[in-house]
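Below is one structure; the comments refer to it alone.
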Number of protein chains: 2
Amino acid sequence: MSSFNISSNSLKENCNLSRAITIVENKLDGYSELLSNIYHLRKNIQKIGITGPPGAGKSTITNSLCKDLLKEDQRIAIISVDPTSPFNGGAILGDRIRMKDIHDLDNVYIRSLGSRGSAGGLSETIDEIIILLEAAGFDRLIIETVGVGQVELDVINFCDTIVLCLTPESGDDIQMMKSGLLECADIISINKSDRPGSKKINIFLNQLFDISQKLRKPPVLNLVALKNKGIDELALEIKNHYLFLKSTNAEIKRDIERYKKLAFNSIKNNLSNEFLNEKRMSFINKEAKKENIKRISPFKIFKKLPK
Amino acid sequence: MSSFNISSNSLKENCNLSRAITIVENKLDGYSELLSNIYHLRKNIQKIGITGPPGAGKSTITNSLCKDLLKEDQRIAIISVDPTSPFNGGAILGDRIRMKDIHDLDNVYIRSLGSRGSAGGLSETIDEIIILLEAAGFDRLIIETVGVGQVELDVINFCDTIVLCLTPESGDDIQMMKSGLLECADIISINKSDRPGSKKINIFLNQLFDISQKLRKPPVLNLVALKNKGIDELALEIKNHYLFLKSTNAEIKRDIERYKKLAFNSIKNNLSNEFLNEKRMSFINKEAKKENIKRISPFKIFKKLPK
């Protein structure tokens, strides 16, 4: 950690928090000590996922929702997950512009995360960054996703409350997103509801959820996020959903599972770091360079490695 | 494995191959023995990724391309990766209909794969299924993806040749997909090129790649896949790209990295299976159920576990 000392208060300063996230995101030296040292500082907070097809106004909703929640004197963290390049980590066009309202507020922290190409890398990184934000004392965390795909399903695993953003024209999108996102949704917001068709899609979704087997029927809200219409209701439903999760102990159960997953991951990494010494690494490297038919099967190599 | 005996020929029968894939996909009993036993049968084949935004005609291109490659008496395997529900594993609407031409041909094997919600699960599963297909003696593998997101970036890691499918209207999509997919593309196909704007987007992309730093400038092709126009050229470019990869040894290097990744994964799993006995598991479970402040940090628990 060298020059970066963690106290219970240091993560509350945004510049320290940013440095800590960069260390964790890029697995720089000292990153696991950092996580290890701040873990006990965290409190479990509501993690709100904002998801949906491109063009549904996720950034605008996130922006308005954040301003609404700030009225209660809360500190809000926002993570924006962007499927960017596995090569250069950058996007051709960012959409941070739409969040300019809240970008400079004291009680708001915004961070964009790229979804690297590495397998499982995104979920592990998000999980660790959430721990940093929980330890930094935020009251709520909003995770906004971009696009329709695996990112959403990865992110959803970490959220307590999923807000699915649609528009009156989302009929095709509903088909395209398949059943996955729709079933994950805890709250549906039909944004741009000043356009024709907003009532129709509201009725359609209500009927769909009437016949589904969800424990709790998701409320379907009509919004015009740009004009701040319906944002109060959305904020209220988000709070209600968290009360519901607490009443069923779902929130605690999820936290227990999360702890176990982190522990298993850390144990696996420790074990293989201890085990894969120079001798064994060079054995694997040699094997990899052989013709396929002469290679020891990678699924059997564990038992063939030198003692 | 019980009733399912593997010989070098048994995977060549589609019914056996399907059973084997199901075993691997769902990690059923005997799945690692199965992979282990067939590993030496595999030969490294060209893996072609067909990707791009929804509506670009990926299924149609896959369909036509497959028919074109069959002319050379090759056996082709197609994997279609669909971001489906983490809960029910099913899609509201499948798009297998568009591949009906090739569905019943003897030399073609088609399989849809859902992208489960689990972290890193998809890449691991795809990798293992590719090994089955390589061992089953196919000459080429086509992997078609659906949607724009993490799935694509995961799939791309396994492909030798990436065909990015766009349409004359894809200006917005190019922005939306950010730089990631564009930079991965080895070949660009502008499908539906009988519509206005196909020349314009071709010129735009050519200019974009002129200033990019790719080792090999991707050819930009104009297609009308439904009418089979441009498919011959696409097939030719795909073959040329593989020759290019072989000439730079990139194909061998990739295979070596793939072997090492499989070996590391398998070693990690073996280590943690041996290590996480009942006593240690119950220790972790107890710790998980404590209040957060009283928990041992999951990043430190490795050293605190009972001997």
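Note on naming: chains are A, B, ... as they come in the structure tokens, residues start from 1 per chain, ligands start from 1 in the order shown.
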After fit on chain A (all C-alpha, ordered pairs), chain B as a tab-separated table (two decimals) with C-alpha atoms, in the first residue's frame:
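Output file out_22.tsv follows:
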chain	number	residue	atom	x	y	z
B	1	MET	CA	-0.03	0.19	-0.14
B	2	SER	CA	2.93	2.45	0.63
B	3	SER	CA	1.74	6.04	0.55
B	4	PHE	CA	-1.96	5.20	0.71
B	5	ASN	CA	-3.11	4.72	4.28
B	6	ILE	CA	-6.65	3.65	4.94
B	7	SER	CA	-8.53	4.98	7.91
B	8	SER	CA	-12.24	4.77	8.41
B	9	ASN	CA	-12.53	8.30	7.07
B	10	SER	CA	-10.07	8.44	4.24
B	11	LEU	CA	-12.36	6.71	1.71
B	12	LYS	CA	-14.95	9.42	2.36
B	13	GLU	CA	-12.79	11.82	0.38
B	14	ASN	CA	-13.55	11.37	-3.28
B	15	CYS	CA	-9.95	11.68	-4.39
B	16	ASN	CA	-8.90	8.80	-2.12
B	17	LEU	CA	-11.88	6.76	-3.18
B	18	SER	CA	-11.00	7.28	-6.84
B	19	ARG	CA	-7.44	6.15	-6.23
B	20	ALA	CA	-8.66	3.10	-4.34
B	21	ILE	CA	-11.03	2.15	-7.18
B	22	THR	CA	-8.25	2.52	-9.72
B	23	ILE	CA	-6.02	0.24	-7.63
B	24	VAL	CA	-8.76	-2.39	-7.40
B	25	GLU	CA	-9.93	-2.06	-11.01
B	26	ASN	CA	-6.43	-2.60	-12.36
B	27	LYS	CA	-5.31	-5.01	-9.66
B	28	LEU	CA	-2.32	-2.80	-8.88
B	29	ASP	CA	0.15	-3.60	-6.10
B	30	GLY	CA	-1.50	-3.81	-2.72
B	31	TYR	CA	-5.01	-4.19	-4.06
B	32	SER	CA	-5.93	-7.22	-1.99
B	33	GLU	CA	-4.48	-5.70	1.20
B	34	LEU	CA	-6.57	-2.62	0.50
B	35	LEU	CA	-9.79	-4.64	0.17
B	36	SER	CA	-8.87	-6.78	3.11
B	37	ASN	CA	-8.25	-3.76	5.34
B	38	ILE	CA	-11.43	-1.89	4.55
B	39	TYR	CA	-13.81	-4.85	4.51
B	40	HIS	CA	-15.00	-4.43	8.09
B	41	LEU	CA	-15.87	-0.76	7.42
B	42	ARG	CA	-18.62	-1.62	4.97
B	43	LYS	CA	-22.31	-1.54	5.69
B	44	ASN	CA	-24.76	-3.30	3.41
B	45	ILE	CA	-26.59	-0.66	1.33
B	46	GLN	CA	-29.31	-0.85	-1.29
B	47	LYS	CA	-27.85	-1.46	-4.71
B	48	ILE	CA	-30.17	-0.25	-7.46
B	49	GLY	CA	-29.66	-1.51	-11.02
B	50	ILE	CA	-30.86	0.71	-13.86
B	51	THR	CA	-31.03	-1.36	-17.01
B	52	GLY	CA	-32.82	-1.64	-20.34
B	53	PRO	CA	-32.28	-1.30	-24.08
B	54	PRO	CA	-30.23	1.56	-25.59
B	55	GLY	CA	-32.21	4.76	-25.97
B	56	ALA	CA	-34.61	4.13	-23.08
B	57	GLY	CA	-33.13	7.05	-21.17
B	58	LYS	CA	-31.23	5.18	-18.49
B	59	SER	CA	-28.76	8.02	-17.91
B	60	THR	CA	-31.55	10.59	-17.67
B	61	ILE	CA	-33.47	8.44	-15.20
B	62	THR	CA	-30.32	7.86	-13.15
B	63	ASN	CA	-29.69	11.60	-13.15
B	64	SER	CA	-33.22	12.52	-12.01
B	65	LEU	CA	-33.46	9.67	-9.53
B	66	CYS	CA	-30.18	10.68	-7.94
B	67	LYS	CA	-31.37	14.28	-7.52
B	68	ASP	CA	-34.59	13.01	-5.94
B	69	LEU	CA	-32.75	10.80	-3.44
B	70	LEU	CA	-30.40	13.66	-2.54
B	71	LYS	CA	-33.36	15.55	-1.06
B	72	GLU	CA	-33.11	13.22	1.92
B	73	ASP	CA	-29.54	14.30	2.53
B	74	GLN	CA	-28.17	10.98	1.38
B	75	ARG	CA	-24.80	10.28	-0.21
B	76	ILE	CA	-25.24	8.49	-3.52
B	77	ALA	CA	-22.69	6.56	-5.56
B	78	ILE	CA	-23.27	5.82	-9.24
B	79	ILE	CA	-21.44	3.22	-11.26
B	80	SER	CA	-21.94	3.28	-15.00
B	81	VAL	CA	-20.99	0.04	-16.75
B	82	ASP	CA	-20.07	0.42	-20.39
B	83	PRO	CA	-19.21	-2.43	-22.72
B	84	THR	CA	-16.04	-1.00	-24.14
B	85	SER	CA	-13.11	-2.33	-26.02
B	86	PRO	CA	-11.09	-5.22	-24.65
B	87	PHE	CA	-8.13	-3.62	-26.40
B	88	ASN	CA	-8.06	0.09	-25.68
B	89	GLY	CA	-10.57	0.33	-22.86
B	90	GLY	CA	-12.12	3.44	-24.36
B	91	ALA	CA	-15.43	4.37	-25.91
B	92	ILE	CA	-15.87	6.35	-29.12
B	93	LEU	CA	-18.53	8.48	-27.46
B	94	GLY	CA	-19.19	8.66	-23.74
B	95	ASP	CA	-22.59	9.60	-22.42
B	96	ARG	CA	-21.41	11.30	-19.28
B	97	ILE	CA	-22.77	14.51	-20.80
B	98	ARG	CA	-26.31	13.55	-19.83
B	99	MET	CA	-25.30	13.38	-16.18
B	100	LYS	CA	-23.80	16.86	-16.06
B	101	ASP	CA	-26.42	18.05	-13.52
B	102	ILE	CA	-25.13	15.87	-10.74
B	103	HIS	CA	-21.50	15.53	-11.73
B	104	ASP	CA	-20.23	18.25	-9.45
B	105	LEU	CA	-22.42	17.73	-6.39
B	106	ASP	CA	-20.67	17.01	-3.11
B	107	ASN	CA	-22.82	14.08	-2.08
B	108	VAL	CA	-22.58	12.28	-5.40
B	109	TYR	CA	-19.79	10.08	-6.64
B	110	ILE	CA	-19.89	8.89	-10.28
B	111	ARG	CA	-17.59	6.34	-11.83
B	112	SER	CA	-17.59	4.70	-15.26
B	113	LEU	CA	-16.40	1.12	-15.52
B	114	GLY	CA	-15.43	-0.60	-18.74
B	115	SER	CA	-16.38	-4.23	-19.14
B	116	ARG	CA	-13.03	-5.71	-20.03
B	117	GLY	CA	-12.80	-8.70	-22.33
B	118	SER	CA	-11.53	-11.08	-19.67
B	119	ALA	CA	-13.72	-13.93	-18.52
B	120	GLY	CA	-15.56	-13.22	-15.32
B	121	GLY	CA	-13.37	-10.17	-14.87
B	122	LEU	CA	-16.20	-7.70	-14.85
B	123	SER	CA	-18.25	-9.34	-12.10
B	124	GLU	CA	-15.26	-9.78	-9.84
B	125	THR	CA	-14.20	-6.18	-10.34
B	126	ILE	CA	-17.70	-4.79	-9.77
B	127	ASP	CA	-18.07	-6.79	-6.58
B	128	GLU	CA	-14.80	-5.44	-5.22
B	129	ILE	CA	-15.62	-1.86	-6.17
B	130	ILE	CA	-19.01	-2.16	-4.46
B	131	ILE	CA	-17.15	-3.10	-1.28
B	132	LEU	CA	-15.09	0.08	-1.57
B	133	LEU	CA	-18.25	2.16	-2.03
B	134	GLU	CA	-19.98	0.45	0.88
B	135	ALA	CA	-16.94	1.16	3.05
B	136	ALA	CA	-16.90	4.77	1.90
B	137	GLY	CA	-20.21	5.30	3.65
B	138	PHE	CA	-22.62	5.91	0.80
B	139	ASP	CA	-26.30	5.42	1.56
B	140	ARG	CA	-27.35	4.06	-1.80
B	141	LEU	CA	-25.62	2.77	-4.90
B	142	ILE	CA	-27.01	3.08	-8.41
B	143	ILE	CA	-25.55	0.85	-11.12
B	144	GLU	CA	-26.43	1.90	-14.63
B	145	THR	CA	-25.75	-0.48	-17.51
B	146	VAL	CA	-25.41	0.15	-21.21
B	147	GLY	CA	-26.64	-2.17	-23.95
B	148	VAL	CA	-28.53	-5.42	-23.78
B	149	GLY	CA	-26.50	-8.48	-23.09
B	150	GLN	CA	-24.33	-10.36	-20.70
B	151	VAL	CA	-23.27	-7.19	-18.87
B	152	GLU	CA	-26.81	-6.75	-17.62
B	153	LEU	CA	-27.05	-10.29	-16.35
B	154	ASP	CA	-23.69	-9.92	-14.61
B	155	VAL	CA	-24.66	-6.63	-13.00
B	156	ILE	CA	-28.07	-7.88	-11.91
B	157	ASN	CA	-26.43	-10.42	-9.63
B	158	PHE	CA	-25.16	-7.58	-7.46
B	159	CYS	CA	-28.31	-5.48	-7.34
B	160	ASP	CA	-31.04	-5.61	-4.73
B	161	THR	CA	-33.54	-3.70	-6.85
B	162	ILE	CA	-33.65	-3.81	-10.65
B	163	VAL	CA	-35.36	-0.98	-12.52
B	164	LEU	CA	-35.99	-1.96	-16.13
B	165	CYS	CA	-36.30	1.12	-18.34
B	166	LEU	CA	-38.45	0.88	-21.45
B	167	THR	CA	-40.23	3.31	-23.76
B	168	PRO	CA	-43.67	3.19	-25.41
B	169	GLU	CA	-41.86	1.84	-28.50
B	170	SER	CA	-40.19	-1.01	-26.63
B	171	GLY	CA	-42.37	-3.81	-28.00
B	172	ASP	CA	-39.52	-5.07	-30.20
B	173	ASP	CA	-36.97	-4.60	-27.46
B	174	ILE	CA	-39.01	-6.76	-25.11
B	175	GLN	CA	-38.86	-9.50	-27.67
B	176	MET	CA	-35.16	-8.95	-28.27
B	177	MET	CA	-34.12	-8.90	-24.65
B	178	LYS	CA	-35.76	-12.32	-24.34
B	179	SER	CA	-37.24	-13.26	-21.07
B	180	GLY	CA	-34.14	-12.67	-18.97
B	181	LEU	CA	-34.22	-8.99	-18.10
B	182	LEU	CA	-37.98	-8.89	-17.89
B	183	GLU	CA	-37.99	-11.61	-15.26
B	184	CYS	CA	-35.27	-9.93	-13.23
B	185	ALA	CA	-37.13	-6.61	-13.11
B	186	ASP	CA	-38.42	-5.47	-9.74
B	187	ILE	CA	-39.79	-2.19	-11.11
B	188	ILE	CA	-40.63	-1.29	-14.72
B	189	SER	CA	-40.42	2.32	-15.82
B	190	ILE	CA	-41.91	3.30	-19.17
B	191	ASN	CA	-39.93	6.42	-19.94
B	192	LYS	CA	-40.92	9.06	-22.55
B	193	SER	CA	-44.53	8.35	-21.63
B	194	ASP	CA	-45.70	11.58	-23.26
B	195	ARG	CA	-45.43	9.67	-26.53
B	196	PRO	CA	-48.27	7.55	-27.93
B	197	GLY	CA	-48.48	3.93	-26.85
B	198	SER	CA	-47.45	4.36	-23.22
B	199	LYS	CA	-50.79	3.17	-21.87
B	200	LYS	CA	-50.83	0.18	-24.20
B	201	ILE	CA	-47.41	-1.10	-23.17
B	202	ASN	CA	-48.29	-0.51	-19.50
B	203	ILE	CA	-51.39	-2.70	-19.85
B	204	PHE	CA	-49.44	-5.32	-21.82
B	205	LEU	CA	-46.75	-5.58	-19.14
B	206	ASN	CA	-49.29	-5.67	-16.33
B	207	GLN	CA	-51.05	-8.56	-18.03
B	208	LEU	CA	-47.73	-10.33	-18.59
B	209	PHE	CA	-46.85	-10.09	-14.90
B	210	ASP	CA	-50.35	-11.20	-13.88
B	211	ILE	CA	-49.67	-14.59	-15.42
B	212	SER	CA	-46.02	-14.80	-14.33
B	213	GLN	CA	-45.01	-16.51	-11.14
B	214	LYS	CA	-43.10	-13.70	-9.47
B	215	LEU	CA	-43.41	-13.52	-5.70
B	216	ARG	CA	-44.03	-9.80	-5.98
B	217	LYS	CA	-45.62	-8.26	-9.05
B	218	PRO	CA	-43.36	-5.45	-10.31
B	219	PRO	CA	-45.08	-2.06	-10.43
B	220	VAL	CA	-45.17	-0.55	-13.94
B	221	LEU	CA	-44.63	3.23	-13.84
B	222	ASN	CA	-45.09	5.85	-16.54
B	223	LEU	CA	-42.27	8.41	-16.59
B	224	VAL	CA	-41.09	11.45	-18.47
B	225	ALA	CA	-37.64	11.55	-16.91
B	226	LEU	CA	-36.47	14.64	-18.82
B	227	LYS	CA	-39.36	16.61	-17.31
B	228	ASN	CA	-38.95	14.92	-13.94
B	229	LYS	CA	-42.42	13.38	-14.18
B	230	GLY	CA	-42.87	10.14	-12.24
B	231	ILE	CA	-39.46	10.29	-10.58
B	232	ASP	CA	-40.92	10.71	-7.06
B	233	GLU	CA	-43.01	7.57	-7.59
B	234	LEU	CA	-39.96	5.70	-8.87
B	235	ALA	CA	-37.93	6.70	-5.81
B	236	LEU	CA	-40.78	5.61	-3.56
B	237	GLU	CA	-41.11	2.22	-5.26
B	238	ILE	CA	-37.36	1.70	-4.94
B	239	LYS	CA	-37.52	2.34	-1.20
B	240	ASN	CA	-40.58	0.10	-0.85
B	241	HIS	CA	-38.83	-2.72	-2.64
B	242	TYR	CA	-35.91	-2.57	-0.22
B	243	LEU	CA	-38.32	-2.72	2.73
B	244	PHE	CA	-39.88	-5.77	1.09
B	245	LEU	CA	-36.44	-7.42	0.73
B	246	LYS	CA	-35.67	-6.74	4.37
B	247	SER	CA	-39.02	-8.11	5.48
B	248	THR	CA	-38.29	-11.43	3.75
B	249	ASN	CA	-34.66	-11.57	4.90
B	250	ALA	CA	-33.66	-11.71	1.24
B	251	GLU	CA	-31.21	-8.88	1.79
B	252	ILE	CA	-29.32	-10.76	4.51
B	253	LYS	CA	-29.31	-14.01	2.57
B	254	ARG	CA	-27.83	-12.25	-0.42
B	255	ASP	CA	-25.11	-10.69	1.71
B	256	ILE	CA	-24.18	-14.11	3.12
B	257	GLU	CA	-23.90	-15.58	-0.39
B	258	ARG	CA	-21.78	-12.63	-1.46
B	259	TYR	CA	-19.39	-13.13	1.46
B	260	LYS	CA	-19.00	-16.82	0.61
B	261	LYS	CA	-18.33	-16.11	-3.06
B	262	LEU	CA	-15.63	-13.59	-2.19
B	263	ALA	CA	-14.09	-16.02	0.29
B	264	PHE	CA	-14.07	-18.91	-2.22
B	265	ASN	CA	-12.50	-16.73	-4.89
B	266	SER	CA	-9.82	-15.50	-2.58
B	267	ILE	CA	-9.09	-19.03	-1.33
B	268	LYS	CA	-8.81	-20.34	-4.90
B	269	ASN	CA	-6.37	-17.59	-5.83
B	270	ASN	CA	-4.29	-18.12	-2.73
B	271	LEU	CA	-4.14	-21.87	-3.32
B	272	SER	CA	-3.06	-21.59	-6.92
B	273	ASN	CA	-0.51	-18.86	-6.17
B	274	GLU	CA	1.11	-21.09	-3.58
B	275	PHE	CA	0.89	-24.18	-5.72
B	276	LEU	CA	1.98	-22.88	-9.12
B	277	ASN	CA	5.67	-22.46	-8.44
B	278	GLU	CA	8.27	-21.98	-11.17
B	279	LYS	CA	8.83	-25.70	-11.69
B	280	ARG	CA	5.13	-26.44	-12.18
B	281	MET	CA	4.61	-23.38	-14.38
B	282	SER	CA	7.41	-24.43	-16.69
B	283	PHE	CA	5.96	-27.95	-16.86
B	284	ILE	CA	2.60	-26.49	-18.01
B	285	ASN	CA	4.32	-24.21	-20.51
B	286	LYS	CA	6.23	-27.12	-22.06
B	287	GLU	CA	3.07	-29.20	-22.28
B	288	ALA	CA	1.18	-26.36	-23.98
B	289	LYS	CA	3.77	-26.16	-26.74
B	290	LYS	CA	3.48	-29.82	-27.72
B	291	GLU	CA	1.29	-31.13	-30.53
B	292	ASN	CA	-2.28	-31.62	-29.34
B	293	ILE	CA	-2.17	-35.41	-29.51
B	294	LYS	CA	0.99	-35.52	-27.35
B	295	ARG	CA	-0.29	-33.09	-24.71
B	296	ILE	CA	-1.47	-34.29	-21.32
B	297	SER	CA	-5.17	-33.39	-21.22
B	298	PRO	CA	-5.47	-30.02	-19.43
B	299	PHE	CA	-8.22	-31.60	-17.34
B	300	LYS	CA	-5.78	-34.28	-16.11
B	301	ILE	CA	-2.61	-32.23	-15.71
B	302	PHE	CA	-3.18	-31.49	-12.01
B	303	LYS	CA	-2.18	-34.99	-10.97
B	304	LYS	CA	0.81	-35.12	-13.34
B	305	LEU	CA	2.53	-31.96	-12.15
B	306	PRO	CA	5.95	-32.33	-10.45
B	307	LYS	CA	5.89	-32.47	-6.61
Using the chain letters and numbers from this document, which residues of stretch 112-291 of chain A does DSSP assign to helix (DSSP H, G or I), as a ChimeraX atom specification? /A:121-135,150-156,171-176,178-184,198-211,225-227,231-247,250-275,278-288
